[in-house]
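To keep things clear, I will list the structure first and then write my remarks on it.
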Amino acid sequence: MSRITLFVDVILPLGVPNLYTYRVPFDRNDAVAVGKRVVVQFGKGKLYSALIRNIHEIPPKQYAAKYIDAVLDEQPIVNAKQMELWDWMSQYYMCNIGDVMVAALPGGLRLASETRIILNADYKDQLETKELSEKEYAIIEALEVRNVLSLDDVSQIIDQKTVYPVIKVLIEKGIVLIQEELKEKFKPKIESFVRITEEADHEEKMKAIFDSLEKKAPKQLDVLMSYITLSKRYSGDRKEVKKSEIMKAVEGAEAAIRSMVKKNIFEMYEREVGRLSLFENENKVSQLNENQQEVLDSIRSQFGWTKEVGDASSSLQPPASSKDVVLLHGVTSSGKTEIYVKLIEEAISKGKQVLYLLPEIALTTQIINRLRKYFGDAVGVYHSKFNENERVEVWNKVLKHNSKDNDSEFKLIIGARSALFLPFSDLGLVIVDEEHDTSFKQYDPAPRYNARDAAIYLSHIHKARTLLGSATPSIESYFNAQDGKYGFAEMTKRFGGVQMPEILVADVKEAMKRKEMKSHFSPLLLDTVTLALDKKEQVILFQNRRGFAPQLECNMCAWVPQCVNCDVSLTYHKASNQLRCHYCGYAAKPPSQCSACGDTNMKMKGFGTEKIEEELSIFYPKARIARMDLDTTRSKFAHQHIIQDFEDGKIDILVGTQMVTKGLDFDNVSMVGILNSDSMLNFPDFRSFERSFQLMSQVSGRAGRKNKRGKVIIQSQNPDHSIIREVIANDYLSMYTNQLLDRKNFNYPPYYRLVELTLIHKDQNMVNASAKYLADELKTHFGKRILGPEFPLVARVRNLYHKNIILKVERDASIVQAKKIVSELLINFKNSDYKSVRVQIDVDPM
């Protein structure tokens, strides 16, 4: 045991700016390591599981270092490369390292402080030899009555806020013990298994058992038959079957299994199993066509991966001239996934790990099924709909990565943005599919990171390669590719000769004039839907607003019910018959009369997915209609069920928000309708034209798959809008060129970088005064680069007022220096009269 006095700098799971230093007891010197969790006391009596960042011998100068209480891990749970990513995110996105830790670690590894104390079994022997204070006696007496006490209970009993020192003394005296001092949230999943005993596993013996059970115990015979049927699925001798599977197959099987164990026919045992489904590996990579092969060769060449798979001299180590990042611009249905598969296969064959990022959980369902056909159990899935235990399990499997052991870990991880925090040790390839998607951006809480950009940095740490894929790349990524910073590959044709869809515009303004509109549907749209349904084909209708109607309005005075906590009108949801705020969740019953003038004539204005679903059932009573939006996909497998039902032809019309636009492939969809393109185009944001083009192109891409030309109907009041014309022509380059000109003229990305500061307070006057003060301070350093302060579209959310200041920094100027100045000004701001105002920083806002 080492007698050196060691100190550890730890990351606390709190929004504190600095690391905090603790002293290591001598007996724990050999147990501490960077990346392990330790239990520390921070603040008054509060225990936290913190993460060791540094180990050294220098005591802190500003405060006396407390001792760490315990080391929780035998092996580090976070590696050095993850720490490097965390440090970069903390600096780049101007947030605290503790915020990054909370975002990165699954809940099961961020232990909760649920400290409880119990009496030691031989505490009475200790009482005879130890002197105790009054407070210590009071705690012991309470424990004799109640057996277990929490820290809060102790605090009330001895009437003292900070109880930890008293409890520590009692622990050292051997009188009390900590019961689950920090309760581990991760519990391995234990399953009961049944298998035939060695004694019974002979033909003659089995025949005798059958005869005996047939006469005396028919239920046990049913169980035995069920076991034999189920065991055929598995390979090996004396096959095991889950007890739960037998109990599903045979009613009342529990008692029968117990009896058969007593008769030595079965043996029953428990073991830890994974929560993650197992899949067989079909290992069939489909043949690429000529265009795909050219693109694949181009990507491999730009990556510097020059040799073929299977060549012993092949290497993933790139030459100096290669590109770290390549952008693949491939039209919808061009077969990008097959190219991904080939690249993944190559990286895995070299013993490397691969990360495949997708913007939405909805997308992972389809892509997982496709990739598991190729890679079987080497595929792991990680996203926020998994429970804590499942996420910890994936984490541990990635942590165990060892290229020599082919069965112990995941080689390919598919997930939404949080998957980039997993403990990769040897990444070879990162794929960011649908790289343009705004879902890669985390808005709240900090760190407000963009997973695409963070993934590129993660790839850089591992000296890996990044492939960005999209049918409609973000302007920033396309600019980087044109500028030579990224490599570039393009696929302009759909796979298998499938034609691009025919896109038609329904002029809503004209149809309304002629009184041809039926509710929110133009004659062209309804005729096309009817035609598709008659041919037994499927339809997708897109409306980027959930709920029944955006607002309820008085017909007399135009009063609209507002949220009591936010500056926004309430949305009507018919299923629950409630008006709901989509910002804070406030709900109220629809009023029977106007609160302003008292009139009872209240009407619905606008339309959401719920209303479309209801009205379609009137027009098409025999059609099977489903809805895919946030309201219908809250549960874990809801996305999967809707997508599966649609794939299986159990749904004729799928109505959805932007969830339906993202990369889903359905063979039988011949028609797609965009019900309200104007709301997207008219949104007050410098990216609204780019986003509208992306959304409309992506949703159009769902139409017309294998051997069918699809049809897309766009409803608009302005059918000659430049973006709609560019969508019809599938002319990304025209949209890109026009938008780039606007961005250059008005100082927006990719020519400028943005940093948005949002000031938040419950008092509007305080927000106004503090925003003016901070903006004036910023203007002394940055001049005209400061925009604002301005209230956002919704200024009050959850009774807190928000005001924005935007800093624009030239592309070739030092963003690091700009952030340093902002950080220093914010420190002064926190020491001013406005210290109660919260400042939220968003680097690269979207």
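Ordering of the structure tokens sets the chain letters (A, B, ...); residue numbers start at 1 within each chain; ligands are numbered from 1 in the order shown.
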
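Secondary structure of region 577-629 of chain A, alpha helix (DSSP H) only (DSSP, backbone atoms): A:Thr609, A:Glu610, A:Lys611, A:Ile612, A:Glu613, A:Glu614, A:Glu615, A:Leu616, A:Ser617, A:Ile618, A:Phe619.
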
Shell of 6 Å around region 807-824 of chain A, only C-alpha atoms, local chain residues under 4 positions omitted, as a VMD selection string: chain A and resid 751 to 755 785 to 786

Long-range neighbours of Ser226 (chain A) as a PDB file with N, CA and C atoms, in the first residue's frame, 12 Å cut-off, only C-alpha atoms, 5 positions minimum in chain:
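Dumped everything to out30.pdb:
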```pdb
ATOM      1  N   VAL A 194     -34.748 -23.537 -18.014  1.00  0.00           N
ATOM      2  CA  VAL A 194     -35.094 -24.940 -17.773  1.00  0.00           C
ATOM      3  C   VAL A 194     -34.391 -25.772 -18.835  1.00  0.00           C
ATOM      4  N   ARG A 195     -33.825 -26.903 -18.423  1.00  0.00           N
ATOM      5  CA  ARG A 195     -33.324 -27.854 -19.433  1.00  0.00           C
ATOM      6  C   ARG A 195     -33.485 -29.277 -18.906  1.00  0.00           C
ATOM      7  N   LYS A 219     -50.696 -32.262 -17.362  1.00  0.00           N
ATOM      8  CA  LYS A 219     -50.155 -30.894 -17.391  1.00  0.00           C
ATOM      9  C   LYS A 219     -48.635 -30.938 -17.571  1.00  0.00           C
ATOM     10  N   GLN A 220     -47.992 -31.881 -16.845  1.00  0.00           N
ATOM     11  CA  GLN A 220     -46.534 -32.005 -16.962  1.00  0.00           C
ATOM     12  C   GLN A 220     -46.146 -32.478 -18.369  1.00  0.00           C
ATOM     13  N   LEU A 221     -46.998 -33.311 -18.966  1.00  0.00           N
ATOM     14  CA  LEU A 221     -46.747 -33.764 -20.336  1.00  0.00           C
ATOM     15  C   LEU A 221     -46.813 -32.579 -21.312  1.00  0.00           C
ATOM     16  N   SER A 231     -37.287 -25.939 -27.687  1.00  0.00           N
ATOM     17  CA  SER A 231     -35.846 -26.202 -27.720  1.00  0.00           C
ATOM     18  C   SER A 231     -35.334 -26.458 -29.131  1.00  0.00           C
ATOM     19  N   LYS A 232     -36.246 -26.719 -30.062  1.00  0.00           N
ATOM     20  CA  LYS A 232     -35.815 -26.936 -31.459  1.00  0.00           C
ATOM     21  C   LYS A 232     -35.231 -25.660 -32.065  1.00  0.00           C
ATOM     22  N   ARG A 233     -35.572 -24.514 -31.441  1.00  0.00           N
ATOM     23  CA  ARG A 233     -35.051 -23.238 -31.950  1.00  0.00           C
ATOM     24  C   ARG A 233     -33.556 -23.087 -31.657  1.00  0.00           C
ATOM     25  N   VAL A 241     -34.193 -23.621 -22.250  1.00  0.00           N
ATOM     26  CA  VAL A 241     -35.334 -22.815 -22.692  1.00  0.00           C
ATOM     27  C   VAL A 241     -35.700 -21.899 -21.536  1.00  0.00           C
ATOM     28  N   LYS A 242     -36.050 -20.661 -21.862  1.00  0.00           N
ATOM     29  CA  LYS A 242     -36.474 -19.738 -20.793  1.00  0.00           C
ATOM     30  C   LYS A 242     -37.750 -20.258 -20.155  1.00  0.00           C
ATOM     31  N   LYS A 243     -37.767 -20.239 -18.826  1.00  0.00           N
ATOM     32  CA  LYS A 243     -38.959 -20.687 -18.085  1.00  0.00           C
ATOM     33  C   LYS A 243     -40.162 -19.829 -18.487  1.00  0.00           C
ATOM     34  N   SER A 244     -39.916 -18.529 -18.720  1.00  0.00           N
ATOM     35  CA  SER A 244     -41.007 -17.605 -19.072  1.00  0.00           C
ATOM     36  C   SER A 244     -41.667 -18.014 -20.394  1.00  0.00           C
ATOM     37  N   GLU A 245     -40.875 -18.573 -21.331  1.00  0.00           N
ATOM     38  CA  GLU A 245     -41.433 -18.988 -22.626  1.00  0.00           C
ATOM     39  C   GLU A 245     -42.373 -20.179 -22.457  1.00  0.00           C
ATOM     40  N   ILE A 246     -41.969 -21.128 -21.578  1.00  0.00           N
ATOM     41  CA  ILE A 246     -42.828 -22.305 -21.326  1.00  0.00           C
ATOM     42  C   ILE A 246     -44.117 -21.852 -20.648  1.00  0.00           C
ATOM     43  N   MET A 247     -43.991 -20.884 -19.705  1.00  0.00           N
ATOM     44  CA  MET A 247     -45.171 -20.423 -18.966  1.00  0.00           C
ATOM     45  C   MET A 247     -46.134 -19.661 -19.880  1.00  0.00           C
ATOM     46  N   LYS A 248     -45.603 -19.031 -20.929  1.00  0.00           N
ATOM     47  CA  LYS A 248     -46.476 -18.378 -21.909  1.00  0.00           C
ATOM     48  C   LYS A 248     -47.230 -19.420 -22.731  1.00  0.00           C
ATOM     49  N   ALA A 249     -46.531 -20.501 -23.037  1.00  0.00           N
ATOM     50  CA  ALA A 249     -47.109 -21.525 -23.928  1.00  0.00           C
ATOM     51  C   ALA A 249     -48.114 -22.425 -23.206  1.00  0.00           C
ATOM     52  N   VAL A 250     -47.884 -22.685 -21.915  1.00  0.00           N
ATOM     53  CA  VAL A 250     -48.748 -23.615 -21.160  1.00  0.00           C
ATOM     54  C   VAL A 250     -49.291 -22.908 -19.920  1.00  0.00           C
ATOM     55  N   GLU A 251     -50.594 -22.818 -19.825  1.00  0.00           N
ATOM     56  CA  GLU A 251     -51.219 -22.150 -18.670  1.00  0.00           C
ATOM     57  C   GLU A 251     -50.980 -22.974 -17.400  1.00  0.00           C
ATOM     58  N   ALA A 253     -48.119 -23.495 -15.799  1.00  0.00           N
ATOM     59  CA  ALA A 253     -46.937 -24.367 -15.935  1.00  0.00           C
ATOM     60  C   ALA A 253     -46.012 -24.323 -14.718  1.00  0.00           C
ATOM     61  N   ILE A 257     -43.608 -27.427 -13.610  1.00  0.00           N
ATOM     62  CA  ILE A 257     -42.138 -27.368 -13.748  1.00  0.00           C
ATOM     63  C   ILE A 257     -41.486 -27.744 -12.422  1.00  0.00           C
TER      64      ILE A 257
END
```

Counting only C-alpha atoms, the option among A:Val394, A:Leu412, A:Leu14, A:Ala80 closest to Gly35 (chain A): A:Ala80

Tell me, counting only C-alpha atoms, for each residue of region 706-812 of chain A within 7 Å of region 664-683 of chain A, which pair of atoms is nearest and how far apart they are in Å to one decimal, in rows ordered by chain and increasing number, as JSON lines.
```
{"residue": "A:Lys706", "atom": "CA", "partner": "A:Asp667", "partner_atom": "CA", "distance": 6.1}
{"residue": "A:Gly710", "atom": "CA", "partner": "A:Ser670", "partner_atom": "CA", "distance": 4.5}
{"residue": "A:Lys711", "atom": "CA", "partner": "A:Met671", "partner_atom": "CA", "distance": 4.8}
{"residue": "A:Val712", "atom": "CA", "partner": "A:Val672", "partner_atom": "CA", "distance": 4.8}
{"residue": "A:Ile713", "atom": "CA", "partner": "A:Gly673", "partner_atom": "CA", "distance": 4.8}
{"residue": "A:Ile714", "atom": "CA", "partner": "A:Ile674", "partner_atom": "CA", "distance": 4.8}
{"residue": "A:Gln715", "atom": "CA", "partner": "A:Leu675", "partner_atom": "CA", "distance": 5.3}
{"residue": "A:Ser716", "atom": "CA", "partner": "A:Ser677", "partner_atom": "CA", "distance": 5.7}
{"residue": "A:Gln717", "atom": "CA", "partner": "A:Asp678", "partner_atom": "CA", "distance": 6.9}
```

Test item: residues at most 9 Å from Ala31 (chain A), only C-alpha atoms, excluding those fewer than 6 positions along its chain, as a list of chain:residue names: A:Val71, A:Asp73, A:Glu74

Would you put the residues from that selection into a file with C-alpha atoms, as a PDB file, in the first residue's frame?
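Saved the output as selection-v2.pdb:
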```pdb
ATOM      1  CA  VAL A  71     -14.121   4.226  -4.909  1.00  0.00           C
ATOM      2  CA  ASP A  73     -15.437   1.005  -9.759  1.00  0.00           C
ATOM      3  CA  GLU A  74     -12.884  -1.755 -10.141  1.00  0.00           C
TER       4      GLU A  74
END
```

Contacts of Val326 (chain A) within 8 Å, only C-alpha atoms, excl. fewer than 6 positions in-chain, as an NGL selection string: :A and (299 or 302-303 or 466-468 or 481 or 486-489)

Same residues, all heavy atoms, saved as a PDB file, in the first residue's frame:
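Now in part-v2.pdb:
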```
ATOM      1  N   ILE A 299     -14.969   7.333 -52.327  1.00  0.00           N
ATOM      2  CA  ILE A 299     -14.935   7.591 -50.868  1.00  0.00           C
ATOM      3  C   ILE A 299     -13.700   6.929 -50.256  1.00  0.00           C
ATOM      4  O   ILE A 299     -12.972   7.541 -49.466  1.00  0.00           O
ATOM      5  CB  ILE A 299     -16.226   7.090 -50.181  1.00  0.00           C
ATOM      6  CG1 ILE A 299     -17.429   7.932 -50.630  1.00  0.00           C
ATOM      7  CG2 ILE A 299     -16.093   7.148 -48.660  1.00  0.00           C
ATOM      8  CD1 ILE A 299     -18.783   7.350 -50.248  1.00  0.00           C
ATOM      9  N   GLN A 302     -10.641   8.830 -51.112  1.00  0.00           N
ATOM     10  CA  GLN A 302     -10.521  10.086 -50.355  1.00  0.00           C
ATOM     11  C   GLN A 302     -10.187   9.829 -48.887  1.00  0.00           C
ATOM     12  O   GLN A 302      -9.492  10.619 -48.251  1.00  0.00           O
ATOM     13  CB  GLN A 302     -11.820  10.889 -50.485  1.00  0.00           C
ATOM     14  CG  GLN A 302     -12.032  11.434 -51.887  1.00  0.00           C
ATOM     15  CD  GLN A 302     -13.341  12.194 -52.028  1.00  0.00           C
ATOM     16  OE1 GLN A 302     -13.438  13.331 -51.611  1.00  0.00           O
ATOM     17  NE2 GLN A 302     -14.357  11.563 -52.614  1.00  0.00           N
ATOM     18  N   PHE A 303     -10.693   8.694 -48.350  1.00  0.00           N
ATOM     19  CA  PHE A 303     -10.342   8.299 -46.977  1.00  0.00           C
ATOM     20  C   PHE A 303      -8.887   7.826 -46.885  1.00  0.00           C
ATOM     21  O   PHE A 303      -8.315   7.783 -45.803  1.00  0.00           O
ATOM     22  CB  PHE A 303     -11.246   7.151 -46.492  1.00  0.00           C
ATOM     23  CG  PHE A 303     -12.586   7.582 -45.965  1.00  0.00           C
ATOM     24  CD1 PHE A 303     -13.577   6.632 -45.715  1.00  0.00           C
ATOM     25  CD2 PHE A 303     -12.861   8.911 -45.686  1.00  0.00           C
ATOM     26  CE1 PHE A 303     -14.814   7.011 -45.203  1.00  0.00           C
ATOM     27  CE2 PHE A 303     -14.097   9.299 -45.185  1.00  0.00           C
ATOM     28  CZ  PHE A 303     -15.073   8.348 -44.950  1.00  0.00           C
ATOM     29  N   THR A 466     -14.832  10.135 -41.097  1.00  0.00           N
ATOM     30  CA  THR A 466     -16.257  10.473 -40.948  1.00  0.00           C
ATOM     31  C   THR A 466     -16.900  10.580 -42.322  1.00  0.00           C
ATOM     32  O   THR A 466     -16.362  11.256 -43.210  1.00  0.00           O
ATOM     33  CB  THR A 466     -16.429  11.831 -40.220  1.00  0.00           C
ATOM     34  OG1 THR A 466     -15.695  11.790 -39.001  1.00  0.00           O
ATOM     35  CG2 THR A 466     -17.885  12.113 -39.907  1.00  0.00           C
ATOM     36  N   LEU A 467     -18.060   9.922 -42.462  1.00  0.00           N
ATOM     37  CA  LEU A 467     -18.845  10.047 -43.691  1.00  0.00           C
ATOM     38  C   LEU A 467     -20.163  10.729 -43.343  1.00  0.00           C
ATOM     39  O   LEU A 467     -20.930  10.238 -42.518  1.00  0.00           O
ATOM     40  CB  LEU A 467     -19.116   8.670 -44.305  1.00  0.00           C
ATOM     41  CG  LEU A 467     -19.904   8.690 -45.629  1.00  0.00           C
ATOM     42  CD1 LEU A 467     -19.090   9.356 -46.732  1.00  0.00           C
ATOM     43  CD2 LEU A 467     -20.286   7.278 -46.051  1.00  0.00           C
ATOM     44  N   LEU A 468     -20.417  11.893 -43.950  1.00  0.00           N
ATOM     45  CA  LEU A 468     -21.684  12.602 -43.770  1.00  0.00           C
ATOM     46  C   LEU A 468     -22.565  12.264 -44.976  1.00  0.00           C
ATOM     47  O   LEU A 468     -22.141  12.453 -46.119  1.00  0.00           O
ATOM     48  CB  LEU A 468     -21.464  14.117 -43.709  1.00  0.00           C
ATOM     49  CG  LEU A 468     -20.433  14.640 -42.707  1.00  0.00           C
ATOM     50  CD1 LEU A 468     -20.312  16.165 -42.824  1.00  0.00           C
ATOM     51  CD2 LEU A 468     -20.802  14.268 -41.281  1.00  0.00           C
ATOM     52  N   ALA A 481     -17.449  21.168 -48.299  1.00  0.00           N
ATOM     53  CA  ALA A 481     -17.037  20.218 -49.348  1.00  0.00           C
ATOM     54  C   ALA A 481     -16.561  20.974 -50.591  1.00  0.00           C
ATOM     55  O   ALA A 481     -15.543  20.625 -51.194  1.00  0.00           O
ATOM     56  CB  ALA A 481     -18.202  19.282 -49.690  1.00  0.00           C
ATOM     57  N   TYR A 486     -13.759  19.320 -46.773  1.00  0.00           N
ATOM     58  CA  TYR A 486     -14.243  17.937 -46.761  1.00  0.00           C
ATOM     59  C   TYR A 486     -14.043  17.332 -48.154  1.00  0.00           C
ATOM     60  O   TYR A 486     -14.007  18.051 -49.155  1.00  0.00           O
ATOM     61  CB  TYR A 486     -15.748  17.869 -46.471  1.00  0.00           C
ATOM     62  CG  TYR A 486     -16.218  18.364 -45.129  1.00  0.00           C
ATOM     63  CD1 TYR A 486     -17.586  18.567 -44.892  1.00  0.00           C
ATOM     64  CD2 TYR A 486     -15.329  18.633 -44.089  1.00  0.00           C
ATOM     65  CE1 TYR A 486     -18.049  19.023 -43.667  1.00  0.00           C
ATOM     66  CE2 TYR A 486     -15.782  19.095 -42.856  1.00  0.00           C
ATOM     67  CZ  TYR A 486     -17.143  19.297 -42.658  1.00  0.00           C
ATOM     68  OH  TYR A 486     -17.590  19.744 -41.453  1.00  0.00           O
ATOM     69  N   GLY A 487     -13.976  16.001 -48.191  1.00  0.00           N
ATOM     70  CA  GLY A 487     -14.065  15.304 -49.469  1.00  0.00           C
ATOM     71  C   GLY A 487     -15.516  15.310 -49.942  1.00  0.00           C
ATOM     72  O   GLY A 487     -16.424  15.669 -49.186  1.00  0.00           O
ATOM     73  N   PHE A 488     -15.758  14.900 -51.205  1.00  0.00           N
ATOM     74  CA  PHE A 488     -17.118  14.972 -51.747  1.00  0.00           C
ATOM     75  C   PHE A 488     -17.383  13.819 -52.701  1.00  0.00           C
ATOM     76  O   PHE A 488     -16.529  13.448 -53.499  1.00  0.00           O
ATOM     77  CB  PHE A 488     -17.323  16.308 -52.477  1.00  0.00           C
ATOM     78  CG  PHE A 488     -18.713  16.530 -52.987  1.00  0.00           C
ATOM     79  CD1 PHE A 488     -19.768  16.710 -52.106  1.00  0.00           C
ATOM     80  CD2 PHE A 488     -18.982  16.554 -54.356  1.00  0.00           C
ATOM     81  CE1 PHE A 488     -21.064  16.924 -52.566  1.00  0.00           C
ATOM     82  CE2 PHE A 488     -20.266  16.763 -54.830  1.00  0.00           C
ATOM     83  CZ  PHE A 488     -21.317  16.947 -53.923  1.00  0.00           C
ATOM     84  N   ALA A 489     -18.564  13.218 -52.564  1.00  0.00           N
ATOM     85  CA  ALA A 489     -19.003  12.186 -53.506  1.00  0.00           C
ATOM     86  C   ALA A 489     -20.483  12.405 -53.769  1.00  0.00           C
ATOM     87  O   ALA A 489     -21.216  12.873 -52.883  1.00  0.00           O
ATOM     88  CB  ALA A 489     -18.767  10.798 -52.917  1.00  0.00           C
TER      89      ALA A 489
END
```

DSSP-assigned strand (DSSP E or B) among region 311-478 of chain A, expressed as a PyMOL selection string: chain A and resi 325-330+353-357+379-382+412-415+427-433+441+450+465-470

What does the file look like for those residues with N, CA, C and O atoms, as a tab-separated table (two decimals), in the first residue's frame?
```
chain	number	residue	atom	x	y	z
A	325	VAL	N	-12.99	13.90	-43.48
A	325	VAL	CA	-14.45	13.91	-43.60
A	325	VAL	C	-14.82	13.92	-45.08
A	325	VAL	O	-14.23	14.68	-45.86
A	326	VAL	N	-15.78	13.06	-45.44
A	326	VAL	CA	-16.30	13.08	-46.81
A	326	VAL	C	-17.81	13.26	-46.75
A	326	VAL	O	-18.49	12.63	-45.94
A	327	LEU	N	-18.33	14.17	-47.59
A	327	LEU	CA	-19.78	14.38	-47.69
A	327	LEU	C	-20.31	13.57	-48.87
A	327	LEU	O	-19.83	13.73	-50.00
A	328	LEU	N	-21.28	12.71	-48.60
A	328	LEU	CA	-21.93	11.93	-49.67
A	328	LEU	C	-23.30	12.54	-49.95
A	328	LEU	O	-24.21	12.47	-49.12
A	329	HIS	N	-23.43	13.18	-51.12
A	329	HIS	CA	-24.70	13.79	-51.52
A	329	HIS	C	-25.38	12.82	-52.49
A	329	HIS	O	-25.00	12.71	-53.65
A	330	GLY	N	-26.36	12.08	-51.98
A	330	GLY	CA	-27.05	11.10	-52.81
A	330	GLY	C	-28.55	11.32	-52.76
A	330	GLY	O	-29.13	11.44	-51.68
A	353	GLN	N	-14.00	-0.20	-34.36
A	353	GLN	CA	-15.41	0.03	-34.01
A	353	GLN	C	-16.01	1.05	-35.00
A	353	GLN	O	-15.28	1.87	-35.55
A	354	VAL	N	-17.33	0.98	-35.18
A	354	VAL	CA	-18.02	1.90	-36.09
A	354	VAL	C	-19.20	2.52	-35.36
A	354	VAL	O	-19.94	1.82	-34.65
A	355	LEU	N	-19.37	3.82	-35.52
A	355	LEU	CA	-20.53	4.54	-34.96
A	355	LEU	C	-21.39	5.04	-36.12
A	355	LEU	O	-20.90	5.70	-37.03
A	356	TYR	N	-22.68	4.70	-36.07
A	356	TYR	CA	-23.63	5.09	-37.12
A	356	TYR	C	-24.69	5.96	-36.45
A	356	TYR	O	-25.53	5.47	-35.72
A	357	LEU	N	-24.62	7.27	-36.70
A	357	LEU	CA	-25.55	8.21	-36.05
A	357	LEU	C	-26.73	8.52	-36.94
A	357	LEU	O	-26.58	8.77	-38.14
A	379	VAL	N	-24.13	-5.69	-33.90
A	379	VAL	CA	-24.82	-4.39	-33.90
A	379	VAL	C	-25.41	-4.08	-32.53
A	379	VAL	O	-26.20	-4.85	-31.99
A	380	GLY	N	-25.02	-2.95	-31.98
A	380	GLY	CA	-25.63	-2.47	-30.72
A	380	GLY	C	-26.45	-1.24	-31.00
A	380	GLY	O	-26.16	-0.48	-31.94
A	381	VAL	N	-27.49	-1.02	-30.20
A	381	VAL	CA	-28.37	0.13	-30.40
A	381	VAL	C	-28.38	0.96	-29.12
A	381	VAL	O	-28.42	0.39	-28.02
A	382	TYR	N	-28.34	2.28	-29.24
A	382	TYR	CA	-28.26	3.14	-28.05
A	382	TYR	C	-29.04	4.42	-28.29
A	382	TYR	O	-28.70	5.20	-29.18
A	412	LEU	N	-20.47	-2.41	-34.07
A	412	LEU	CA	-21.19	-1.33	-34.75
A	412	LEU	C	-22.28	-0.83	-33.81
A	412	LEU	O	-23.11	-1.60	-33.35
A	413	ILE	N	-22.22	0.44	-33.51
A	413	ILE	CA	-23.26	1.06	-32.67
A	413	ILE	C	-24.11	1.97	-33.54
A	413	ILE	O	-23.59	2.84	-34.25
A	414	ILE	N	-25.43	1.75	-33.48
A	414	ILE	CA	-26.38	2.64	-34.16
A	414	ILE	C	-27.12	3.41	-33.08
A	414	ILE	O	-27.59	2.82	-32.12
A	415	GLY	N	-27.24	4.71	-33.27
A	415	GLY	CA	-27.98	5.44	-32.24
A	415	GLY	C	-28.24	6.88	-32.64
A	415	GLY	O	-27.76	7.37	-33.65
A	427	LEU	N	-12.25	3.61	-32.55
A	427	LEU	CA	-13.16	3.91	-33.66
A	427	LEU	C	-12.40	3.96	-34.97
A	427	LEU	O	-11.32	4.55	-35.05
A	428	GLY	N	-12.96	3.36	-36.01
A	428	GLY	CA	-12.35	3.43	-37.33
A	428	GLY	C	-13.18	4.27	-38.29
A	428	GLY	O	-12.66	4.86	-39.23
A	429	LEU	N	-14.51	4.33	-38.03
A	429	LEU	CA	-15.42	5.01	-38.96
A	429	LEU	C	-16.62	5.56	-38.21
A	429	LEU	O	-17.17	4.89	-37.34
A	430	VAL	N	-16.99	6.79	-38.54
A	430	VAL	CA	-18.23	7.39	-38.03
A	430	VAL	C	-19.08	7.78	-39.24
A	430	VAL	O	-18.61	8.46	-40.14
A	431	ILE	N	-20.34	7.30	-39.24
A	431	ILE	CA	-21.27	7.67	-40.30
A	431	ILE	C	-22.36	8.54	-39.69
A	431	ILE	O	-22.97	8.15	-38.69
A	432	VAL	N	-22.57	9.72	-40.24
A	432	VAL	CA	-23.66	10.59	-39.79
A	432	VAL	C	-24.67	10.65	-40.93
A	432	VAL	O	-24.45	11.32	-41.94
A	433	ASP	N	-25.77	9.89	-40.79
A	433	ASP	CA	-26.77	9.83	-41.85
A	433	ASP	C	-27.77	10.97	-41.67
A	433	ASP	O	-28.08	11.35	-40.54
A	441	LYS	N	-29.08	18.53	-33.11
A	441	LYS	CA	-28.75	19.62	-32.18
A	441	LYS	C	-29.50	19.43	-30.87
A	441	LYS	O	-30.71	19.21	-30.87
A	450	ASN	N	-24.04	20.10	-31.25
A	450	ASN	CA	-24.52	19.51	-32.50
A	450	ASN	C	-23.78	18.18	-32.66
A	450	ASN	O	-22.56	18.15	-32.76
A	465	ARG	N	-12.27	8.07	-39.67
A	465	ARG	CA	-12.83	8.79	-40.79
A	465	ARG	C	-14.32	9.02	-40.57
A	465	ARG	O	-14.99	8.18	-39.96
A	466	THR	N	-14.83	10.14	-41.10
A	466	THR	CA	-16.26	10.47	-40.95
A	466	THR	C	-16.90	10.58	-42.32
A	466	THR	O	-16.36	11.26	-43.21
A	467	LEU	N	-18.06	9.92	-42.46
A	467	LEU	CA	-18.84	10.05	-43.69
A	467	LEU	C	-20.16	10.73	-43.34
A	467	LEU	O	-20.93	10.24	-42.52
A	468	LEU	N	-20.42	11.89	-43.95
A	468	LEU	CA	-21.68	12.60	-43.77
A	468	LEU	C	-22.56	12.26	-44.98
A	468	LEU	O	-22.14	12.45	-46.12
A	469	GLY	N	-23.76	11.76	-44.72
A	469	GLY	CA	-24.64	11.39	-45.83
A	469	GLY	C	-25.94	12.17	-45.80
A	469	GLY	O	-26.50	12.38	-44.73
A	470	SER	N	-26.41	12.61	-46.97
A	470	SER	CA	-27.71	13.29	-47.03
A	470	SER	C	-28.14	13.47	-48.48
A	470	SER	O	-27.31	13.61	-49.37
```

Top pick for closest residue to Val655 (chain A), considering A:Met628, A:Cys554, A:Leu143, A:Met491 and counting only C-alpha atoms: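 Using only C-alpha atoms, the shortest distance to Val655 (chain A) belongs to A:Met628.
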
Atomic distance CA of Glu553 (chain A) - CA of Arg580 (chain A), expressed in Å with one decimal: 14.5 Å

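Compared by their closest atoms to Ser333 (chain A), and using only C-alpha atoms, the residues A:Ala703, A:Ile806, A:Val166, A:Cys597 rank with A:Ala703 nearest.
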